[in-house]
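> Handing over structure_17.tsv, TSV, C-alpha atoms.
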```tsv
chain	number	residue	atom	x	y	z
A	1092	MET	CA	80.08	101.04	-125.60
A	1093	SER	CA	83.82	100.45	-125.84
A	1094	GLU	CA	86.40	102.02	-123.53
A	1095	LEU	CA	86.45	105.81	-123.69
A	1096	PRO	CA	89.71	107.41	-124.82
A	1097	SER	CA	89.78	109.69	-121.74
A	1098	LYS	CA	90.06	108.70	-118.06
A	1099	LEU	CA	88.46	111.97	-116.95
A	1100	LEU	CA	85.47	111.27	-119.13
A	1101	SER	CA	85.13	107.62	-118.21
A	1102	GLN	CA	85.28	108.42	-114.49
A	1103	ALA	CA	82.55	111.03	-114.88
A	1104	VAL	CA	80.43	108.59	-116.90
A	1105	GLU	CA	81.01	105.93	-114.26
A	1106	SER	CA	79.80	108.22	-111.46
A	1107	LEU	CA	76.83	109.62	-113.38
A	1108	SER	CA	75.60	106.21	-114.47
A	1109	ALA	CA	75.31	105.14	-110.82
A	1110	LEU	CA	72.33	107.51	-110.58
A	1111	PRO	CA	68.89	105.90	-110.89
A	1112	THR	CA	67.44	105.90	-114.44
A	1113	ILE	CA	70.77	107.12	-115.89
A	1114	GLY	CA	72.42	104.47	-118.08
A	1115	LYS	CA	75.89	104.60	-119.63
A	1116	LYS	CA	74.63	106.31	-122.78
A	1117	SER	CA	72.72	109.01	-120.94
A	1118	ALA	CA	75.71	109.49	-118.63
A	1119	LEU	CA	77.97	110.03	-121.63
A	1120	ARG	CA	75.52	112.51	-123.12
A	1121	LEU	CA	75.38	114.42	-119.83
A	1122	ALA	CA	79.17	114.44	-119.47
A	1123	LEU	CA	79.64	115.72	-123.03
A	1124	TYR	CA	77.05	118.40	-122.33
A	1125	LEU	CA	79.03	119.53	-119.27
A	1126	ILE	CA	82.21	119.72	-121.36
A	1127	LYS	CA	80.48	121.78	-124.04
A	1128	THR	CA	78.60	124.14	-121.81
A	1129	ASP	CA	79.98	127.00	-119.69
A	1130	LYS	CA	82.18	125.69	-116.83
A	1131	GLU	CA	80.32	128.00	-114.50
A	1132	TYR	CA	77.24	125.78	-114.78
A	1133	THR	CA	79.10	122.68	-113.58
A	1134	ARG	CA	80.56	124.70	-110.69
A	1135	GLU	CA	77.05	125.72	-109.69
A	1136	LEU	CA	75.71	122.18	-110.06
A	1137	VAL	CA	78.54	120.73	-108.00
A	1138	SER	CA	78.17	123.33	-105.27
A	1139	SER	CA	74.40	122.91	-105.00
A	1140	LEU	CA	74.70	119.11	-104.78
A	1141	THR	CA	77.46	119.40	-102.17
A	1142	ALA	CA	75.43	121.90	-100.13
A	1143	LEU	CA	72.43	119.57	-100.35
A	1144	VAL	CA	74.00	116.36	-99.10
A	1145	GLU	CA	76.26	118.00	-96.52
A	1146	ASN	CA	73.65	120.29	-94.95
A	1147	ILE	CA	70.19	118.81	-95.35
A	1148	ARG	CA	68.82	117.25	-92.18
A	1149	ARG	CA	65.65	116.14	-90.44
A	1150	CYS	CA	63.33	118.66	-88.79
A	1151	GLU	CA	63.58	118.08	-85.04
A	1152	GLN	CA	59.82	118.45	-84.66
A	1153	CYS	CA	58.30	116.63	-87.63
A	1154	ASN	CA	61.18	114.60	-89.13
A	1155	ASN	CA	60.64	116.25	-92.52
A	1156	LEU	CA	63.65	117.16	-94.71
A	1157	SER	CA	64.89	120.51	-93.48
A	1158	ASP	CA	67.59	123.15	-94.01
A	1159	ASP	CA	67.58	124.08	-90.33
A	1160	ARG	CA	66.77	122.68	-86.91
A	1161	LEU	CA	63.07	123.13	-87.72
A	1162	CYS	CA	61.65	122.84	-91.24
A	1163	SER	CA	60.00	125.66	-93.18
A	1164	ILE	CA	56.55	124.13	-92.65
A	1165	CYS	CA	56.89	123.84	-88.86
A	1166	THR	CA	58.16	127.43	-88.63
A	1167	ASP	CA	55.52	128.93	-90.92
A	1168	PRO	CA	53.37	131.13	-88.63
A	1169	ARG	CA	50.44	130.99	-91.08
A	1170	ARG	CA	50.05	127.25	-90.52
A	1171	SER	CA	48.14	125.70	-87.66
A	1172	SER	CA	50.41	124.07	-85.12
A	1173	LYS	CA	47.48	122.19	-83.61
A	1174	MET	CA	46.90	119.93	-86.60
A	1175	VAL	CA	49.33	117.17	-87.55
A	1176	CYS	CA	49.13	115.04	-90.69
A	1177	VAL	CA	50.99	111.73	-90.35
A	1178	VAL	CA	52.65	110.63	-93.62
A	1179	GLU	CA	55.15	108.02	-94.61
A	1180	SER	CA	57.63	110.09	-96.59
A	1181	PHE	CA	58.76	113.50	-97.78
A	1182	ARG	CA	57.20	112.75	-101.18
A	1183	ASP	CA	53.81	112.40	-99.48
A	1184	VAL	CA	54.33	115.83	-97.90
A	1185	LEU	CA	54.96	117.24	-101.39
A	1186	ALA	CA	51.86	115.51	-102.78
A	1187	ILE	CA	49.65	117.00	-100.06
A	1188	GLU	CA	51.31	120.43	-100.35
A	1189	ASP	CA	50.60	120.35	-104.10
A	1190	THR	CA	46.86	120.20	-103.37
A	1191	ASN	CA	47.02	123.57	-101.52
A	1192	ARG	CA	44.26	122.24	-99.27
A	1193	TYR	CA	46.12	121.66	-96.03
A	1194	GLN	CA	47.33	124.36	-93.66
A	1195	GLY	CA	48.53	122.32	-90.71
A	1196	GLN	CA	51.83	120.62	-89.93
A	1197	TYR	CA	53.18	117.13	-90.65
A	1198	HIS	CA	54.80	114.19	-88.99
A	1199	VAL	CA	56.98	112.17	-91.36
A	1200	LEU	CA	57.43	108.58	-90.19
A	1201	GLY	CA	59.98	107.58	-92.81
A	1202	GLY	CA	58.28	104.19	-93.12
A	1203	VAL	CA	55.39	102.11	-91.85
A	1204	ILE	CA	55.15	99.24	-89.40
A	1205	SER	CA	56.09	96.12	-91.33
A	1206	PRO	CA	56.44	92.91	-89.34
A	1207	LEU	CA	57.75	91.06	-92.41
A	1208	ASP	CA	60.61	93.55	-92.78
A	1209	GLY	CA	61.17	93.65	-89.04
A	1210	ILE	CA	60.07	97.28	-88.71
A	1211	GLY	CA	58.20	97.92	-85.48
A	1212	PRO	CA	56.79	101.06	-83.79
A	1213	ASP	CA	60.13	101.81	-82.14
A	1214	ASP	CA	61.93	101.93	-85.50
A	1215	LEU	CA	59.60	104.68	-86.68
A	1216	GLY	CA	60.10	106.76	-83.55
A	1217	LEU	CA	56.36	106.84	-82.95
A	1218	ASP	CA	56.99	107.93	-79.37
A	1219	ARG	CA	58.15	111.27	-80.76
A	1220	LEU	CA	54.71	111.68	-82.35
A	1221	PHE	CA	52.89	110.85	-79.11
A	1222	ASP	CA	55.16	113.18	-77.11
A	1223	ARG	CA	54.47	115.93	-79.61
A	1224	VAL	CA	50.69	115.43	-79.42
A	1225	GLU	CA	50.88	115.85	-75.65
A	1226	ARG	CA	53.47	118.63	-75.43
A	1227	ALA	CA	52.07	120.82	-78.25
A	1228	GLN	CA	48.45	120.10	-77.29
A	1229	ILE	CA	47.62	118.93	-80.80
A	1230	SER	CA	43.87	118.98	-81.42
A	1231	GLU	CA	43.71	116.78	-84.54
A	1232	VAL	CA	45.88	114.05	-86.01
A	1233	ILE	CA	45.14	113.16	-89.65
A	1234	LEU	CA	46.29	109.70	-90.64
A	1235	ALA	CA	47.48	109.81	-94.25
A	1236	LEU	CA	49.45	106.61	-94.70
A	1237	SER	CA	49.12	104.59	-97.89
A	1238	PRO	CA	46.13	102.21	-97.94
A	1239	THR	CA	48.33	99.13	-97.96
A	1240	MET	CA	48.27	96.34	-95.40
A	1241	ASP	CA	51.27	97.82	-93.58
A	1242	GLY	CA	49.91	101.37	-93.85
A	1243	GLU	CA	46.57	100.31	-92.37
A	1244	THR	CA	48.33	98.42	-89.58
A	1245	THR	CA	50.29	101.57	-88.73
A	1246	ASN	CA	47.16	103.73	-88.88
A	1247	PHE	CA	45.44	101.32	-86.50
A	1248	TYR	CA	48.39	101.25	-84.08
A	1249	ILE	CA	48.62	105.05	-83.96
A	1250	HIS	CA	44.87	105.41	-83.58
A	1251	LYS	CA	44.83	102.98	-80.67
A	1252	LYS	CA	47.71	104.69	-78.89
A	1253	LEU	CA	46.19	108.14	-79.38
A	1254	LYS	CA	43.07	107.11	-77.45
A	1255	ALA	CA	45.07	107.92	-74.33
A	1256	TYR	CA	45.29	111.58	-75.42
A	1257	ASP	CA	42.68	114.30	-75.81
A	1258	VAL	CA	42.94	114.49	-79.59
A	1259	THR	CA	40.67	113.95	-82.60
A	1260	VAL	CA	41.98	111.29	-84.97
A	1261	SER	CA	40.83	111.44	-88.59
A	1262	ALA	CA	41.85	109.71	-91.81
A	1263	LEU	CA	41.85	110.62	-95.50
A	1264	ALA	CA	38.45	110.23	-97.15
A	1265	ARG	CA	38.17	107.10	-99.29
A	1266	GLY	CA	35.97	106.95	-102.37
A	1267	VAL	CA	35.90	106.93	-106.17
A	1268	SER	CA	38.35	109.28	-107.88
A	1269	TYR	CA	37.35	112.48	-109.62
A	1270	GLY	CA	37.43	111.82	-113.34
A	1271	GLY	CA	37.61	108.06	-112.88
A	1272	GLU	CA	35.06	105.88	-114.66
A	1273	LEU	CA	32.88	103.95	-112.25
A	1274	GLN	CA	33.28	100.64	-114.08
A	1275	TYR	CA	37.04	100.74	-113.46
A	1276	ALA	CA	36.86	101.54	-109.72
A	1277	ASP	CA	37.91	98.59	-107.53
A	1278	GLU	CA	35.14	96.83	-105.63
A	1279	LEU	CA	36.44	97.73	-102.19
A	1280	THR	CA	36.55	101.45	-102.96
A	1281	LEU	CA	33.23	101.45	-104.81
A	1282	GLY	CA	31.55	99.45	-102.05
A	1283	HIS	CA	32.91	101.83	-99.41
A	1284	SER	CA	31.77	104.88	-101.37
A	1285	ILE	CA	28.18	103.57	-101.48
A	1286	ILE	CA	28.10	102.85	-97.73
A	1287	ALA	CA	29.72	106.23	-96.97
A	1288	ARG	CA	27.51	108.19	-99.38
A	1289	LEU	CA	27.05	111.90	-98.70
A	1290	PRO	CA	24.22	114.40	-99.25
A	1291	TYR	CA	24.46	115.70	-102.83
A	1292	GLU	CA	26.16	119.08	-103.07
A	1293	VAL	CA	26.54	121.34	-106.07
A	1294	THR	CA	30.28	122.03	-106.37
B	1197	MET	CA	55.11	121.02	-108.76
B	1198	SER	CA	54.67	123.61	-106.00
B	1199	GLU	CA	57.51	125.28	-104.15
B	1200	LEU	CA	59.71	122.83	-102.25
B	1201	PRO	CA	59.89	123.30	-98.47
B	1202	SER	CA	63.73	123.38	-98.56
B	1203	LYS	CA	66.04	125.90	-100.25
B	1204	LEU	CA	68.87	123.38	-100.40
B	1205	LEU	CA	66.64	120.93	-102.20
B	1206	SER	CA	65.10	123.47	-104.58
B	1207	GLN	CA	68.54	124.80	-105.57
B	1208	ALA	CA	69.77	121.28	-106.29
B	1209	VAL	CA	66.61	120.54	-108.32
B	1210	GLU	CA	67.06	123.83	-110.18
B	1211	SER	CA	70.65	122.96	-111.15
B	1212	LEU	CA	69.92	119.35	-112.05
B	1213	SER	CA	66.92	120.22	-114.20
B	1214	ALA	CA	69.14	122.43	-116.38
B	1215	LEU	CA	70.72	119.21	-117.68
B	1216	PRO	CA	69.40	117.96	-121.02
B	1217	THR	CA	66.57	115.37	-120.76
B	1218	ILE	CA	66.25	115.98	-116.98
B	1219	GLY	CA	62.95	117.64	-116.09
B	1220	LYS	CA	61.90	118.95	-112.68
B	1221	LYS	CA	60.42	115.63	-111.61
B	1222	SER	CA	63.51	113.62	-112.55
B	1223	ALA	CA	65.70	116.25	-110.91
B	1224	LEU	CA	63.72	115.89	-107.67
B	1225	ARG	CA	64.03	112.11	-107.83
B	1226	LEU	CA	67.80	112.39	-108.34
B	1227	ALA	CA	68.19	114.90	-105.50
B	1228	LEU	CA	66.18	112.70	-103.10
B	1229	TYR	CA	68.34	109.76	-104.16
B	1230	LEU	CA	71.48	111.72	-103.27
B	1231	ILE	CA	70.01	112.57	-99.86
B	1232	LYS	CA	69.14	108.95	-99.18
B	1233	THR	CA	72.32	107.35	-100.42
B	1234	ASP	CA	75.78	107.42	-98.83
B	1235	LYS	CA	77.29	110.95	-98.86
B	1236	GLU	CA	80.50	109.46	-100.16
B	1237	TYR	CA	78.84	108.81	-103.51
B	1238	THR	CA	77.90	112.47	-103.99
B	1239	ARG	CA	81.44	113.48	-103.04
B	1240	GLU	CA	82.80	111.15	-105.70
B	1241	LEU	CA	80.28	112.36	-108.30
B	1242	VAL	CA	81.07	115.99	-107.57
B	1243	SER	CA	84.82	115.44	-107.71
B	1244	SER	CA	84.69	113.49	-110.98
B	1245	LEU	CA	82.52	116.17	-112.64
B	1246	THR	CA	84.80	118.93	-111.38
B	1247	ALA	CA	87.91	117.08	-112.60
B	1248	LEU	CA	86.23	116.58	-115.96
B	1249	VAL	CA	85.26	120.15	-116.76
B	1250	GLU	CA	88.35	121.73	-115.23
B	1251	ASN	CA	90.93	119.44	-116.80
B	1252	ILE	CA	89.63	118.06	-120.07
B	1253	ARG	CA	91.11	119.70	-123.15
B	1254	ARG	CA	91.68	119.27	-126.85
B	1255	CYS	CA	94.47	117.04	-128.18
B	1256	GLU	CA	97.04	119.38	-129.74
B	1257	GLN	CA	97.46	117.03	-132.68
B	1258	CYS	CA	93.98	115.82	-133.57
B	1259	ASN	CA	91.63	118.13	-131.62
B	1260	ASN	CA	89.98	115.14	-129.92
B	1261	LEU	CA	88.92	115.36	-126.26
B	1262	SER	CA	91.99	114.61	-124.20
B	1263	ASP	CA	93.29	114.36	-120.64
B	1264	ASP	CA	96.77	115.52	-121.68
B	1265	ARG	CA	98.57	117.54	-124.34
B	1266	LEU	CA	98.08	114.62	-126.72
B	1267	CYS	CA	95.12	112.24	-126.57
B	1268	SER	CA	95.31	108.53	-125.79
B	1269	ILE	CA	94.70	107.63	-129.44
B	1270	CYS	CA	97.48	109.85	-130.82
B	1271	THR	CA	99.94	108.49	-128.26
B	1272	ASP	CA	99.00	104.83	-128.73
B	1273	PRO	CA	102.10	103.24	-130.31
B	1274	ARG	CA	100.04	100.36	-131.75
B	1275	ARG	CA	98.13	102.75	-134.00
B	1276	SER	CA	99.36	103.92	-137.39
B	1277	SER	CA	100.38	107.57	-137.36
B	1278	LYS	CA	100.29	107.66	-141.17
B	1279	MET	CA	96.54	107.29	-141.46
B	1280	VAL	CA	94.13	110.04	-140.42
B	1281	CYS	CA	90.36	109.74	-140.31
B	1282	VAL	CA	88.59	113.12	-140.52
B	1283	VAL	CA	85.41	113.26	-138.42
B	1284	GLU	CA	83.06	115.95	-137.25
B	1285	SER	CA	82.88	115.22	-133.53
B	1286	PHE	CA	84.11	113.20	-130.60
B	1287	ARG	CA	80.95	111.08	-130.81
B	1288	ASP	CA	81.97	110.03	-134.32
B	1289	VAL	CA	85.36	108.96	-132.95
B	1290	LEU	CA	83.52	106.81	-130.41
B	1291	ALA	CA	81.28	105.32	-133.10
B	1292	ILE	CA	84.27	104.31	-135.25
B	1293	GLU	CA	86.23	103.05	-132.23
B	1294	ASP	CA	83.25	100.88	-131.32
B	1295	THR	CA	83.63	99.03	-134.63
B	1296	ASN	CA	87.17	97.89	-133.70
B	1297	ARG	CA	88.01	98.12	-137.41
B	1298	TYR	CA	90.26	101.19	-137.50
B	1299	GLN	CA	93.82	101.37	-136.24
B	1300	GLY	CA	94.89	104.82	-137.41
B	1301	GLN	CA	94.51	108.27	-135.89
B	1302	TYR	CA	91.80	110.93	-136.15
B	1303	HIS	CA	91.31	114.57	-136.90
B	1304	VAL	CA	88.26	116.04	-135.17
B	1305	LEU	CA	86.92	119.12	-136.95
B	1306	GLY	CA	84.33	120.05	-134.33
B	1307	GLY	CA	81.91	120.96	-137.13
B	1308	VAL	CA	81.51	121.11	-140.89
B	1309	ILE	CA	81.61	123.96	-143.40
B	1310	SER	CA	78.16	125.54	-143.30
B	1311	PRO	CA	77.68	128.73	-145.33
B	1312	LEU	CA	74.18	129.18	-143.87
B	1313	ASP	CA	75.55	129.19	-140.32
B	1314	GLY	CA	78.54	131.31	-141.33
B	1315	ILE	CA	81.04	128.50	-140.67
B	1316	GLY	CA	83.92	128.54	-143.14
B	1317	PRO	CA	87.15	126.52	-143.49
B	1318	ASP	CA	89.01	128.88	-141.15
B	1319	ASP	CA	86.52	128.29	-138.32
B	1320	LEU	CA	87.28	124.56	-138.45
B	1321	GLY	CA	91.04	125.09	-138.34
B	1322	LEU	CA	91.45	123.03	-141.50
B	1323	ASP	CA	94.96	124.47	-141.93
B	1324	ARG	CA	95.99	122.41	-138.93
B	1325	LEU	CA	94.90	119.28	-140.81
B	1326	PHE	CA	96.87	120.25	-143.92
B	1327	ASP	CA	99.94	121.16	-141.83
B	1328	ARG	CA	99.68	117.81	-140.12
B	1329	VAL	CA	99.41	115.90	-143.40
B	1330	GLU	CA	102.62	117.55	-144.57
B	1331	ARG	CA	104.59	117.52	-141.33
B	1332	ALA	CA	103.74	113.92	-140.30
B	1333	GLN	CA	103.93	112.62	-143.88
B	1334	ILE	CA	100.42	111.15	-143.67
B	1335	SER	CA	99.89	108.53	-146.37
B	1336	GLU	CA	96.08	108.30	-146.27
B	1337	VAL	CA	93.29	110.63	-145.21
B	1338	ILE	CA	89.87	108.98	-144.76
B	1339	LEU	CA	86.96	111.38	-145.05
B	1340	ALA	CA	84.26	110.29	-142.60
B	1341	LEU	CA	81.94	113.29	-142.35
B	1342	SER	CA	78.19	112.82	-142.29
B	1343	PRO	CA	76.55	112.44	-145.72
B	1344	THR	CA	74.67	115.71	-145.39
B	1345	MET	CA	74.93	118.66	-147.77
B	1346	ASP	CA	77.37	120.45	-145.44
B	1347	GLY	CA	79.33	117.27	-144.78
B	1348	GLU	CA	79.72	116.60	-148.50
B	1349	THR	CA	80.78	120.22	-149.09
B	1350	THR	CA	83.44	119.85	-146.42
B	1351	ASN	CA	84.60	116.50	-147.83
B	1352	PHE	CA	84.91	118.12	-151.26
B	1353	TYR	CA	86.82	121.12	-149.93
B	1354	ILE	CA	89.31	118.95	-148.03
B	1355	HIS	CA	89.72	116.62	-150.99
B	1356	LYS	CA	90.47	119.54	-153.31
B	1357	LYS	CA	93.01	121.07	-150.94
B	1358	LEU	CA	94.76	117.74	-150.37
B	1359	LYS	CA	95.52	117.40	-154.08
B	1360	ALA	CA	98.52	119.64	-153.36
B	1361	TYR	CA	99.96	116.93	-151.07
B	1362	ASP	CA	101.28	113.44	-151.72
B	1363	VAL	CA	98.45	111.64	-149.90
B	1364	THR	CA	95.72	109.15	-150.75
B	1365	VAL	CA	92.25	110.49	-150.01
B	1366	SER	CA	89.50	107.95	-149.39
B	1367	ALA	CA	85.94	108.10	-148.09
B	1368	LEU	CA	83.64	105.75	-146.20
B	1369	ALA	CA	82.00	103.13	-148.41
B	1370	ARG	CA	78.35	103.87	-149.22
B	1371	GLY	CA	75.79	101.17	-149.79
B	1372	VAL	CA	72.85	99.27	-148.33
B	1373	SER	CA	73.09	98.46	-144.62
B	1374	TYR	CA	73.70	95.01	-143.22
B	1375	GLY	CA	70.41	93.66	-141.96
B	1376	GLY	CA	68.39	96.34	-143.76
B	1377	GLU	CA	65.59	95.24	-146.05
B	1378	LEU	CA	66.15	96.29	-149.64
B	1379	GLN	CA	62.67	97.70	-150.10
B	1380	TYR	CA	63.33	100.23	-147.32
B	1381	ALA	CA	66.71	101.47	-148.61
B	1382	ASP	CA	66.57	105.02	-149.99
B	1383	GLU	CA	66.86	105.37	-153.78
B	1384	LEU	CA	70.14	107.27	-153.71
B	1385	THR	CA	71.88	104.65	-151.61
B	1386	LEU	CA	70.37	101.71	-153.48
B	1387	GLY	CA	71.21	103.28	-156.87
B	1388	HIS	CA	74.78	103.90	-155.75
B	1389	SER	CA	75.15	100.38	-154.46
B	1390	ILE	CA	74.17	98.94	-157.86
B	1391	ILE	CA	76.62	101.16	-159.74
B	1392	ALA	CA	79.37	100.45	-157.22
B	1393	ARG	CA	78.66	96.69	-157.08
B	1394	LEU	CA	81.55	94.43	-156.06
B	1395	PRO	CA	82.64	90.86	-156.94
B	1396	TYR	CA	80.70	88.45	-154.70
B	1397	GLU	CA	82.69	87.29	-151.72
B	1398	VAL	CA	81.83	84.61	-149.20
B	1399	THR	CA	82.12	86.36	-145.83
```
Please render this file's structure as structure tokens.

Amino acid sequence: MSELPSKLLSQAVESLSALPTIGKKSALRLALYLIKTDKEYTRELVSSLTALVENIRRCEQCNNLSDDRLCSICTDPRRSSKMVCVVESFRDVLAIEDTNRYQGQYHVLGGVISPLDGIGPDDLGLDRLFDRVERAQISEVILALSPTMDGETTNFYIHKKLKAYDVTVSALARGVSYGGELQYADELTLGHSIIARLPYEVT
Amino acid sequence: MSELPSKLLSQAVESLSALPTIGKKSALRLALYLIKTDKEYTRELVSSLTALVENIRRCEQCNNLSDDRLCSICTDPRRSSKMVCVVESFRDVLAIEDTNRYQGQYHVLGGVISPLDGIGPDDLGLDRLFDRVERAQISEVILALSPTMDGETTNFYIHKKLKAYDVTVSALARGVSYGGELQYADELTLGHSIIARLPYEVT
């Protein structure tokens, strides 16, 4: 793509193409769309993006993305405040919310313990989780970190620390996927799902 | 995707997903990127988009997108002001500029005559082109509209009207593409390229 014959346009393309997955060509298409469409749309877009980055913050209780001091999940009276699901990121919160199967609260670590990257328990503010368990008399902590080496290490660390508190610690069930073909399941998962077999239930 | 636990985020996703080719999932990814990255970037993005839609306009001479009264092509002293290439859109200007083979000016119609869509010569402001040809003593008009039915109709209309002026009217050469395999060329193009064959030149 040669130089654009408009500085306004080339600056907009420059900015837009810094976004992930947006190349120069897509950026140009988006910029031309903005020019063609009603100005009011761009004003709305710009104001919603500004409001987002200037005002979004972390929930003081669970570290989730939040519009206010406490997030909409922590302040929802229909949700149990005695159950805390520990996840790595906001995207994991969304994934669990999408299942519509969980009615407790969360604790978003923002990462996992990773000795190789120099991330230790203090960097994740794990003390805030332990304080919360004690202060709010949490009855169950569900560990829902990714089943990677670092995720398992973090699960283990939290589990060990929580022994000092009067709280049940559980973890996501592991097993073969719904809809997955058995022959493609990995050995570890398949092996675990045989050992951890359950009484047959008609669902 | 269920409801997002943040109004700020869901408004930003709403706005972003109104952009062409950006679905809800991409919009969420972009919004989360903006949250994670330096605020300064979003400020820059927002200000370049605002500057674009509020200040971009049409060149008073050629109707091209422009930052000022006249566009950067019309005001470029190295370009011939006696040669005008008639195109449908700004994207066509970019395509021709990318070839680095044209050093004249443009006239951007913003559309083509389309009886089915109720677009006639007046809607394209063709009088401005004819005025310009006379006033600026243009020596050559190059018709570069798309080879569609409507494009050809428009080419024909302009060509007929320009007979009243002392100006050469030319059109883009038609023929088989460079790098294209002969067996895949369409009959019309291949037939034309035999009739309009040229003396062999070593290039």
> When you get a sec, could you note down which chain A residues fall within 9 Å of chain B, using all atoms listed in the file, as a tab-separated table (two decimals) with C-alpha atoms, keeping the file's coordinate frame?

```
chain	number	residue	atom	x	y	z
A	1092	MET	CA	80.08	101.04	-125.60
A	1093	SER	CA	83.82	100.45	-125.84
A	1094	GLU	CA	86.40	102.02	-123.53
A	1095	LEU	CA	86.45	105.81	-123.69
A	1096	PRO	CA	89.71	107.41	-124.82
A	1097	SER	CA	89.78	109.69	-121.74
A	1098	LYS	CA	90.06	108.70	-118.06
A	1099	LEU	CA	88.46	111.97	-116.95
A	1100	LEU	CA	85.47	111.27	-119.13
A	1102	GLN	CA	85.28	108.42	-114.49
A	1103	ALA	CA	82.55	111.03	-114.88
A	1104	VAL	CA	80.43	108.59	-116.90
A	1105	GLU	CA	81.01	105.93	-114.26
A	1106	SER	CA	79.80	108.22	-111.46
A	1107	LEU	CA	76.83	109.62	-113.38
A	1109	ALA	CA	75.31	105.14	-110.82
A	1110	LEU	CA	72.33	107.51	-110.58
A	1111	PRO	CA	68.89	105.90	-110.89
A	1112	THR	CA	67.44	105.90	-114.44
A	1117	SER	CA	72.72	109.01	-120.94
A	1120	ARG	CA	75.52	112.51	-123.12
A	1121	LEU	CA	75.38	114.42	-119.83
A	1122	ALA	CA	79.17	114.44	-119.47
A	1124	TYR	CA	77.05	118.40	-122.33
A	1125	LEU	CA	79.03	119.53	-119.27
A	1126	ILE	CA	82.21	119.72	-121.36
A	1127	LYS	CA	80.48	121.78	-124.04
A	1130	LYS	CA	82.18	125.69	-116.83
A	1132	TYR	CA	77.24	125.78	-114.78
A	1133	THR	CA	79.10	122.68	-113.58
A	1134	ARG	CA	80.56	124.70	-110.69
A	1135	GLU	CA	77.05	125.72	-109.69
A	1136	LEU	CA	75.71	122.18	-110.06
A	1137	VAL	CA	78.54	120.73	-108.00
A	1138	SER	CA	78.17	123.33	-105.27
A	1139	SER	CA	74.40	122.91	-105.00
A	1140	LEU	CA	74.70	119.11	-104.78
A	1141	THR	CA	77.46	119.40	-102.17
A	1142	ALA	CA	75.43	121.90	-100.13
A	1143	LEU	CA	72.43	119.57	-100.35
A	1144	VAL	CA	74.00	116.36	-99.10
A	1145	GLU	CA	76.26	118.00	-96.52
A	1146	ASN	CA	73.65	120.29	-94.95
A	1147	ILE	CA	70.19	118.81	-95.35
A	1156	LEU	CA	63.65	117.16	-94.71
A	1157	SER	CA	64.89	120.51	-93.48
A	1158	ASP	CA	67.59	123.15	-94.01
A	1162	CYS	CA	61.65	122.84	-91.24
A	1163	SER	CA	60.00	125.66	-93.18
A	1164	ILE	CA	56.55	124.13	-92.65
A	1185	LEU	CA	54.96	117.24	-101.39
A	1186	ALA	CA	51.86	115.51	-102.78
A	1188	GLU	CA	51.31	120.43	-100.35
A	1189	ASP	CA	50.60	120.35	-104.10
A	1190	THR	CA	46.86	120.20	-103.37
A	1191	ASN	CA	47.02	123.57	-101.52
```
> So these two share a sequence; what Cα RMSD do you get laying chain B over chain A, all Cα, in order, least squares?
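C-alpha RMSD, chain B fitted to chain A: 0.1 Å.
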> For atom CA of B:Glu1330 and atom CA of B:Cys1270, quote the distance in Å rounded to one decimal.
16.6 Å
> Just how far from atom CA of A:Met1240 is atom CA of A:Ile1187, in Å to one decimal?
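Separation between atom CA of A:Ile1187 and atom CA of A:Met1240: 21.2 Å.
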> What is the atom CA of B:Lys1356 to atom CA of B:Ser1389 distance in Å?
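Atom-to-atom, atom CA of B:Lys1356 to atom CA of B:Ser1389, that is 24.6 Å.
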> Could stretch 1216-1224 of chain B be written out with N, CA and C atoms, as a PDB file, in the first residue's frame, please?

```pdb
ATOM      1  N   PRO B1216     -17.737  -3.002  10.275  1.00  0.00           N
ATOM      2  CA  PRO B1216     -17.795  -4.136   9.356  1.00  0.00           C
ATOM      3  C   PRO B1216     -16.688  -5.143   9.657  1.00  0.00           C
ATOM      4  N   THR B1217     -17.001  -6.418   9.533  1.00  0.00           N
ATOM      5  CA  THR B1217     -16.095  -7.561   9.754  1.00  0.00           C
ATOM      6  C   THR B1217     -15.710  -7.766  11.222  1.00  0.00           C
ATOM      7  N   ILE B1218     -16.226  -6.940  12.144  1.00  0.00           N
ATOM      8  CA  ILE B1218     -15.931  -7.130  13.563  1.00  0.00           C
ATOM      9  C   ILE B1218     -17.177  -7.717  14.231  1.00  0.00           C
ATOM     10  N   GLY B1219     -17.092  -8.973  14.642  1.00  0.00           N
ATOM     11  CA  GLY B1219     -18.200  -9.586  15.369  1.00  0.00           C
ATOM     12  C   GLY B1219     -18.069  -9.332  16.861  1.00  0.00           C
ATOM     13  N   LYS B1220     -18.993  -9.887  17.635  1.00  0.00           N
ATOM     14  CA  LYS B1220     -18.987  -9.673  19.087  1.00  0.00           C
ATOM     15  C   LYS B1220     -17.694 -10.190  19.727  1.00  0.00           C
ATOM     16  N   LYS B1221     -17.234 -11.348  19.258  1.00  0.00           N
ATOM     17  CA  LYS B1221     -16.047 -11.936  19.870  1.00  0.00           C
ATOM     18  C   LYS B1221     -14.808 -11.108  19.591  1.00  0.00           C
ATOM     19  N   SER B1222     -14.659 -10.634  18.347  1.00  0.00           N
ATOM     20  CA  SER B1222     -13.521  -9.791  18.010  1.00  0.00           C
ATOM     21  C   SER B1222     -13.618  -8.478  18.785  1.00  0.00           C
ATOM     22  N   ALA B1223     -14.834  -7.952  18.883  1.00  0.00           N
ATOM     23  CA  ALA B1223     -15.031  -6.685  19.589  1.00  0.00           C
ATOM     24  C   ALA B1223     -14.587  -6.821  21.043  1.00  0.00           C
ATOM     25  N   LEU B1224     -14.944  -7.953  21.665  1.00  0.00           N
ATOM     26  CA  LEU B1224     -14.536  -8.182  23.053  1.00  0.00           C
ATOM     27  C   LEU B1224     -13.015  -8.267  23.156  1.00  0.00           C
TER      28      LEU B1224
END
```
